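Here the structure is laid out as structure tokens; the discussion comes afterwards.
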Amino acid sequence: MRPTFVLVHGAFANSFSFAPLQAELGLLGHRSVAVDLPGHGFAATYPRAYQAPQDLEGLAATPGSLKGVTLADNVAHLVAILERAKRNGPVILVSHSRGGLTATVAANQRPDLIDRIVYVSAWCPVDLDVSAYYAEPEMATVDTTGLASAMVGNPGELGLLRSNFRTSDPGVLAAFKAAFLADGTDDEFMAFLSTFQPDESLDAGTPDDRAQRDTWGRIPKTYVRLTEDTSVPLAMQDRMIREGDALTPENPYDVRTLTSSHLKWLVDPAPAARVLSETAALLPAAS
């Protein structure tokens, strides 16, 4: 039986960004499901103040559907989808960027629902919490000024993170492009930026949400490195691979590499689809 790929997006993203990848997977004969985590996709909040001409004061004060949404809420939503997907056969769980946090906790809780877990430049905390990794040397090259400059409102009052991705500030847009899609064209960058939503959850997990040896650790796993990623630098990706391998030396990562920024693999998805198809071939044959 062919597996179902379950695709989990990163911060400020949604299922829409996976559409080109799903097309490529479909042409290779694979089923796939792109997940919208709670408060994402058509459940996202797009305040009228976000439209042009923008009202930044109004944008800073408008409530959002992601207020109070936790990592546990994301995990419960994903587990419900995994349960449905598993009825059709093997499941390969694929996560990108911050989506790795949700995928990791789901794997901790329900390893029986996942036949292989794939991280594409995604967070899989083992030794530290994600917030602590940002203070580590591997993240020293990350330029956070662009995202910080675009933040709107007080996260403590809004109960969420809000970013103005519809800014016209050339400096902020240049910082975004450098962080997300430096190897893409300006048109590709602007098209992808238009799929981002302004809000993201505040909850990035606790020490209990790190990868657990007895559950997460028994799932076959693949890490797809993105060599040109400046948001999750290659050094940090490699550190997560090392930490995962140290946690489960008997079950190390199958490591693959794509020449890509944080988002280029989704803009030009054929190489990534081939890599994912290869991971499907690693599943044990049906008895």
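Here's how to read the names in the structure tokens: chain A, B, ... by the order shown, residue numbers from 1 in each chain, ligand numbers from 1 in the order shown.
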### Query
Could you pull out the helix (DSSP H, G or I) residues of stretch 182-220 of chain A from DSSP and send them as a list in words?
Asp186, Asp187, Glu188, Phe189, Met190, Ala191, Phe192, Leu193, Pro207, Asp208, Asp209, Trp216, Gly217 and Arg218 of chain A
### Message
Applying 10 Å and only C-alpha atoms, which residues near A:Ser65 remain after dropping the ones on its own chain fewer than 4 positions away? List them as a ChimeraX atom specification.
### Response
/A:38-40,43-46,69,159-160,199-201
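Taking atom CA of A:His96 and atom CA of A:Tyr119 as endpoints, the distance between them is 6.2 Å.
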### Message
Please list as a list in words every residue within 12 Å of A:Arg213, counting only C-alpha atoms and excluding residues in the same chain fewer than 4 positions away.
### Response
Thr104, Val105, Ala107, Asn108, Gln109, Pro111, Val126, Asp127, Asp209, Gly217, Arg218, Ile219, Glu243, Gly244, Asp245, Ala246, Leu247, Thr248, Pro249, Glu250, Asn251 and Pro252 of chain A
### Shell of 12 Å around A:Thr144, only C-alpha atoms, local chain residues under 5 positions omitted, as a PyMOL selection string
chain A and resi 134+139+149-151+172+175-176+178-180+230-232
Keeping all heavy atoms, export the residues of the selection given above as an mmCIF file, in the first residue's frame.
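And here is the file that came out, out29.cif:
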data_model
loop_
_atom_site.group_PDB
_atom_site.id
_atom_site.type_symbol
_atom_site.label_atom_id
_atom_site.label_comp_id
_atom_site.auth_asym_id
_atom_site.auth_seq_id
_atom_site.Cartn_x
_atom_site.Cartn_y
_atom_site.Cartn_z
ATOM 1 N N TYR A 134 17.826 29.362 20.342
ATOM 2 C CA TYR A 134 18.072 30.638 19.680
ATOM 3 C C TYR A 134 19.245 31.398 20.296
ATOM 4 O O TYR A 134 19.783 32.310 19.665
ATOM 5 C CB TYR A 134 16.807 31.496 19.703
ATOM 6 C CG TYR A 134 15.898 31.212 18.529
ATOM 7 C CD1 TYR A 134 14.939 30.212 18.601
ATOM 8 C CD2 TYR A 134 16.028 31.919 17.336
ATOM 9 C CE1 TYR A 134 14.107 29.934 17.519
ATOM 10 C CE2 TYR A 134 15.210 31.652 16.248
ATOM 11 C CZ TYR A 134 14.252 30.652 16.343
ATOM 12 O OH TYR A 134 13.452 30.377 15.267
ATOM 13 N N MET A 139 22.852 29.641 15.946
ATOM 14 C CA MET A 139 21.838 30.600 15.498
ATOM 15 C C MET A 139 22.379 32.027 15.434
ATOM 16 O O MET A 139 21.622 32.969 15.171
ATOM 17 C CB MET A 139 20.632 30.552 16.435
ATOM 18 C CG MET A 139 19.898 29.222 16.438
ATOM 19 S SD MET A 139 19.121 28.828 14.848
ATOM 20 C CE MET A 139 17.716 29.959 14.864
ATOM 21 N N SER A 149 10.985 44.026 13.064
ATOM 22 C CA SER A 149 10.524 45.327 12.567
ATOM 23 C C SER A 149 9.086 45.282 12.077
ATOM 24 O O SER A 149 8.390 46.304 12.072
ATOM 25 C CB SER A 149 11.426 45.800 11.425
ATOM 26 O OG SER A 149 12.756 45.963 11.865
ATOM 27 N N ALA A 150 8.644 44.105 11.660
ATOM 28 C CA ALA A 150 7.290 43.975 11.124
ATOM 29 C C ALA A 150 6.269 43.583 12.180
ATOM 30 O O ALA A 150 5.071 43.517 11.879
ATOM 31 C CB ALA A 150 7.278 42.941 9.997
ATOM 32 N N MET A 151 6.718 43.313 13.400
ATOM 33 C CA MET A 151 5.777 42.924 14.445
ATOM 34 C C MET A 151 4.850 44.071 14.800
ATOM 35 O O MET A 151 5.262 45.237 14.861
ATOM 36 C CB MET A 151 6.522 42.448 15.689
ATOM 37 C CG MET A 151 7.374 41.202 15.471
ATOM 38 S SD MET A 151 6.481 39.783 14.816
ATOM 39 C CE MET A 151 5.437 39.383 16.203
ATOM 40 N N VAL A 172 12.427 46.168 5.264
ATOM 41 C CA VAL A 172 11.828 44.987 5.877
ATOM 42 C C VAL A 172 11.617 43.892 4.829
ATOM 43 O O VAL A 172 11.893 42.715 5.076
ATOM 44 C CB VAL A 172 10.499 45.348 6.559
ATOM 45 C CG1 VAL A 172 9.806 44.099 7.093
ATOM 46 C CG2 VAL A 172 10.736 46.329 7.707
ATOM 47 N N ALA A 175 14.833 42.224 4.112
ATOM 48 C CA ALA A 175 15.220 41.323 5.205
ATOM 49 C C ALA A 175 14.417 40.031 5.150
ATOM 50 O O ALA A 175 14.959 38.940 5.383
ATOM 51 C CB ALA A 175 15.023 42.022 6.548
ATOM 52 N N PHE A 176 13.133 40.134 4.839
ATOM 53 C CA PHE A 176 12.305 38.936 4.688
ATOM 54 C C PHE A 176 12.833 38.050 3.562
ATOM 55 O O PHE A 176 12.931 36.832 3.714
ATOM 56 C CB PHE A 176 10.853 39.326 4.373
ATOM 57 C CG PHE A 176 10.037 39.717 5.566
ATOM 58 C CD1 PHE A 176 8.924 40.524 5.403
ATOM 59 C CD2 PHE A 176 10.345 39.279 6.834
ATOM 60 C CE1 PHE A 176 8.136 40.882 6.491
ATOM 61 C CE2 PHE A 176 9.570 39.627 7.932
ATOM 62 C CZ PHE A 176 8.469 40.431 7.760
ATOM 63 N N ALA A 178 15.826 37.890 2.298
ATOM 64 C CA ALA A 178 17.104 37.294 2.677
ATOM 65 C C ALA A 178 16.900 36.125 3.639
ATOM 66 O O ALA A 178 17.626 35.128 3.586
ATOM 67 C CB ALA A 178 18.004 38.354 3.303
ATOM 68 N N ALA A 179 15.912 36.251 4.510
ATOM 69 C CA ALA A 179 15.679 35.212 5.510
ATOM 70 C C ALA A 179 14.966 33.997 4.945
ATOM 71 O O ALA A 179 15.247 32.861 5.355
ATOM 72 C CB ALA A 179 14.862 35.782 6.670
ATOM 73 N N PHE A 180 14.059 34.210 4.006
ATOM 74 C CA PHE A 180 13.180 33.126 3.578
ATOM 75 C C PHE A 180 13.462 32.578 2.185
ATOM 76 O O PHE A 180 13.351 31.370 1.958
ATOM 77 C CB PHE A 180 11.717 33.594 3.609
ATOM 78 C CG PHE A 180 11.229 34.023 4.962
ATOM 79 C CD1 PHE A 180 10.457 35.173 5.091
ATOM 80 C CD2 PHE A 180 11.535 33.294 6.097
ATOM 81 C CE1 PHE A 180 9.988 35.572 6.332
ATOM 82 C CE2 PHE A 180 11.077 33.684 7.348
ATOM 83 C CZ PHE A 180 10.297 34.840 7.466
ATOM 84 N N THR A 230 18.827 30.355 5.905
ATOM 85 C CA THR A 230 19.383 31.303 6.880
ATOM 86 C C THR A 230 18.440 31.536 8.055
ATOM 87 O O THR A 230 18.791 32.249 8.992
ATOM 88 C CB THR A 230 19.690 32.658 6.213
ATOM 89 O OG1 THR A 230 18.497 33.198 5.639
ATOM 90 C CG2 THR A 230 20.752 32.498 5.133
ATOM 91 N N SER A 231 17.246 30.936 8.019
ATOM 92 C CA SER A 231 16.310 31.042 9.142
ATOM 93 C C SER A 231 16.573 29.958 10.176
ATOM 94 O O SER A 231 16.549 30.213 11.383
ATOM 95 C CB SER A 231 14.871 30.950 8.643
ATOM 96 O OG SER A 231 14.546 32.059 7.836
ATOM 97 N N VAL A 232 16.780 28.748 9.702
ATOM 98 C CA VAL A 232 17.264 27.640 10.533
ATOM 99 C C VAL A 232 18.581 27.203 9.892
ATOM 100 O O VAL A 232 18.596 26.354 9.004
ATOM 101 C CB VAL A 232 16.267 26.468 10.583
ATOM 102 C CG1 VAL A 232 16.778 25.379 11.540
ATOM 103 C CG2 VAL A 232 14.883 26.944 11.011
#
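With only C-alpha atoms taken into account, the protein and nucleic acid residues at most 12 Å from A:Ser131 (excluding it and anything under 5 positions from it in its own chain) are Arg98, Leu101, Trp123, Pro125, Glu136, Met139, Leu202, Asp203, Ala204, Gly205, Thr206 and Pro207 of chain A.
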Please save N, CA, C and O atoms of the selected residues as a short mmCIF file (atom, residue, chain, number, x, y, z; two decimals), in the first residue's frame.
data_model
loop_
_atom_site.label_atom_id
_atom_site.label_comp_id
_atom_site.auth_asym_id
_atom_site.auth_seq_id
_atom_site.Cartn_x
_atom_site.Cartn_y
_atom_site.Cartn_z
N ARG A 98 8.78 25.48 12.14
CA ARG A 98 8.13 25.36 13.45
C ARG A 98 7.15 24.20 13.52
O ARG A 98 6.80 23.73 14.61
N LEU A 101 7.82 21.17 15.80
CA LEU A 101 7.44 21.09 17.22
C LEU A 101 6.17 20.26 17.37
O LEU A 101 6.09 19.36 18.22
N TRP A 123 12.23 22.06 13.36
CA TRP A 123 12.68 21.98 14.75
C TRP A 123 12.30 20.64 15.36
O TRP A 123 11.13 20.24 15.35
N PRO A 125 13.44 19.53 18.98
CA PRO A 125 14.25 19.76 20.18
C PRO A 125 14.52 18.47 20.95
O PRO A 125 13.62 17.67 21.16
N GLU A 136 22.01 29.82 21.13
CA GLU A 136 23.17 28.99 20.87
C GLU A 136 23.98 29.51 19.69
O GLU A 136 23.45 30.23 18.83
N MET A 139 22.85 29.64 15.95
CA MET A 139 21.84 30.60 15.50
C MET A 139 22.38 32.03 15.43
O MET A 139 21.62 32.97 15.17
N LEU A 202 1.71 31.85 20.38
CA LEU A 202 2.84 32.17 21.26
C LEU A 202 3.51 30.91 21.83
O LEU A 202 4.68 30.96 22.22
N ASP A 203 2.80 29.81 21.89
CA ASP A 203 3.26 28.63 22.63
C ASP A 203 4.25 27.80 21.80
O ASP A 203 3.88 27.21 20.79
N ALA A 204 5.50 27.76 22.25
CA ALA A 204 6.52 26.95 21.57
C ALA A 204 6.90 25.72 22.38
O ALA A 204 7.91 25.07 22.09
N GLY A 205 6.14 25.39 23.42
CA GLY A 205 6.37 24.16 24.14
C GLY A 205 7.20 24.31 25.40
O GLY A 205 7.70 25.39 25.72
N THR A 206 7.34 23.20 26.10
CA THR A 206 8.07 23.11 27.36
C THR A 206 9.10 21.99 27.27
O THR A 206 9.15 21.27 26.27
N PRO A 207 9.90 21.79 28.33
CA PRO A 207 10.85 20.66 28.31
C PRO A 207 10.16 19.31 28.08
O PRO A 207 10.77 18.40 27.52
#
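Across the model, the gap from atom CA of A:Leu7 to atom CA of A:Ala80 is 13.7 Å.
Using only C-alpha atoms, the shortest contact distance between A:Ala235 and any of A:Ala272, A:Val35, A:Val152, A:Val142 is found at A:Val142.
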### Selection: 10 Å around A:Asn88, only C-alpha atoms, excl. self and same-chain fewer than 3 positions, as a PyMOL selection string
chain A and resi 1-4+83-85+91
### Message
Can you tell me which residues surround stretch 52-58 of chain A at a distance of at most 10 Å, considering only C-alpha atoms, apart from same-chain residues fewer than 6 positions away, and format the answer as a list in words?
### Response
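Those residues are Val152, Gly153, Asn164, Arg166 and Thr167 of chain A.
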Selection file, N, CA and C atoms, as a CSV table (one decimal), in the first residue's frame:
chain,number,residue,atom,x,y,z
A,152,VAL,N,3.6,43.7,15.0
A,152,VAL,CA,2.6,44.7,15.3
A,152,VAL,C,1.8,44.3,16.6
A,153,GLY,N,1.6,45.3,17.5
A,153,GLY,CA,0.9,45.1,18.7
A,153,GLY,C,1.7,44.4,19.8
A,164,ASN,N,3.2,42.2,10.2
A,164,ASN,CA,2.7,42.8,9.0
A,164,ASN,C,3.4,42.4,7.8
A,166,ARG,N,2.3,42.6,4.9
A,166,ARG,CA,1.9,43.4,3.8
A,166,ARG,C,2.5,44.8,3.9
A,167,THR,N,3.6,44.9,4.6
A,167,THR,CA,4.3,46.1,4.7
A,167,THR,C,4.9,46.5,3.3
At most 10 Å is the cut-off: for each residue in stretch 1-22 of chain A with any atom that close to an atom of stretch 26-29 of chain A, write down the nearest atom pair and the distance in Å rounded to one decimal, counting only C-alpha atoms, chain first then increasing number, as a Markdown table.
| residue | atom | partner | partner_atom | distance |
| --- | --- | --- | --- | --- |
| A:Arg2 | CA | A:Gly29 | CA | 8.4 |
| A:Pro20 | CA | A:Gly26 | CA | 9.9 |
| A:Leu21 | CA | A:Gly26 | CA | 8.5 |
| A:Gln22 | CA | A:Gly26 | CA | 6.0 |
Selection to disk with N, CA, C and O atoms, as a PDB file, in the first residue's frame:
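Ended up saving to again21.pdb:
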ATOM      1  N   ARG A   2       0.514   2.207  -0.842  1.00  0.00           N
ATOM      2  CA  ARG A   2       1.257   3.463  -0.846  1.00  0.00           C
ATOM      3  C   ARG A   2       0.917   4.255   0.405  1.00  0.00           C
ATOM      4  O   ARG A   2      -0.228   4.271   0.857  1.00  0.00           O
ATOM      5  N   PRO A  20       2.050  23.256  -4.568  1.00  0.00           N
ATOM      6  CA  PRO A  20       2.924  22.776  -5.628  1.00  0.00           C
ATOM      7  C   PRO A  20       3.602  21.441  -5.292  1.00  0.00           C
ATOM      8  O   PRO A  20       3.766  20.582  -6.169  1.00  0.00           O
ATOM      9  N   LEU A  21       3.978  21.264  -4.024  1.00  0.00           N
ATOM     10  CA  LEU A  21       4.590  19.994  -3.615  1.00  0.00           C
ATOM     11  C   LEU A  21       3.587  18.855  -3.730  1.00  0.00           C
ATOM     12  O   LEU A  21       3.928  17.752  -4.194  1.00  0.00           O
ATOM     13  N   GLN A  22       2.346  19.100  -3.334  1.00  0.00           N
ATOM     14  CA  GLN A  22       1.336  18.056  -3.446  1.00  0.00           C
ATOM     15  C   GLN A  22       1.092  17.668  -4.903  1.00  0.00           C
ATOM     16  O   GLN A  22       0.863  16.490  -5.211  1.00  0.00           O
TER      17      GLN A  22
END
### Task
From the DSSP assignment of the backbone, select every residue of stretch 98-135 of chain A that is strand (DSSP E or B), and format the answer as a list of chain:residue names.
A:Arg116, A:Ile117, A:Val118, A:Tyr119, A:Val120
### Nearest to A:Pro220 by atom-to-atom distance, counting only C-alpha atoms, from A:Leu147, A:Leu282, A:Leu193, A:Leu82
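The shortest atom-to-atom distance to A:Pro220 comes from A:Leu282.
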### Task
Point out the residue among A:Leu161, A:Leu276, A:Ala135, A:Leu25 with the least atom-to-atom distance to A:Ala148, counting only C-alpha atoms.
A:Leu161
### Task
Have a look at atom CA of A:Ala285 and atom CA of A:Leu266 and let me know their distance in Å, one decimal.
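Distance between the two atoms: 29.1 Å.
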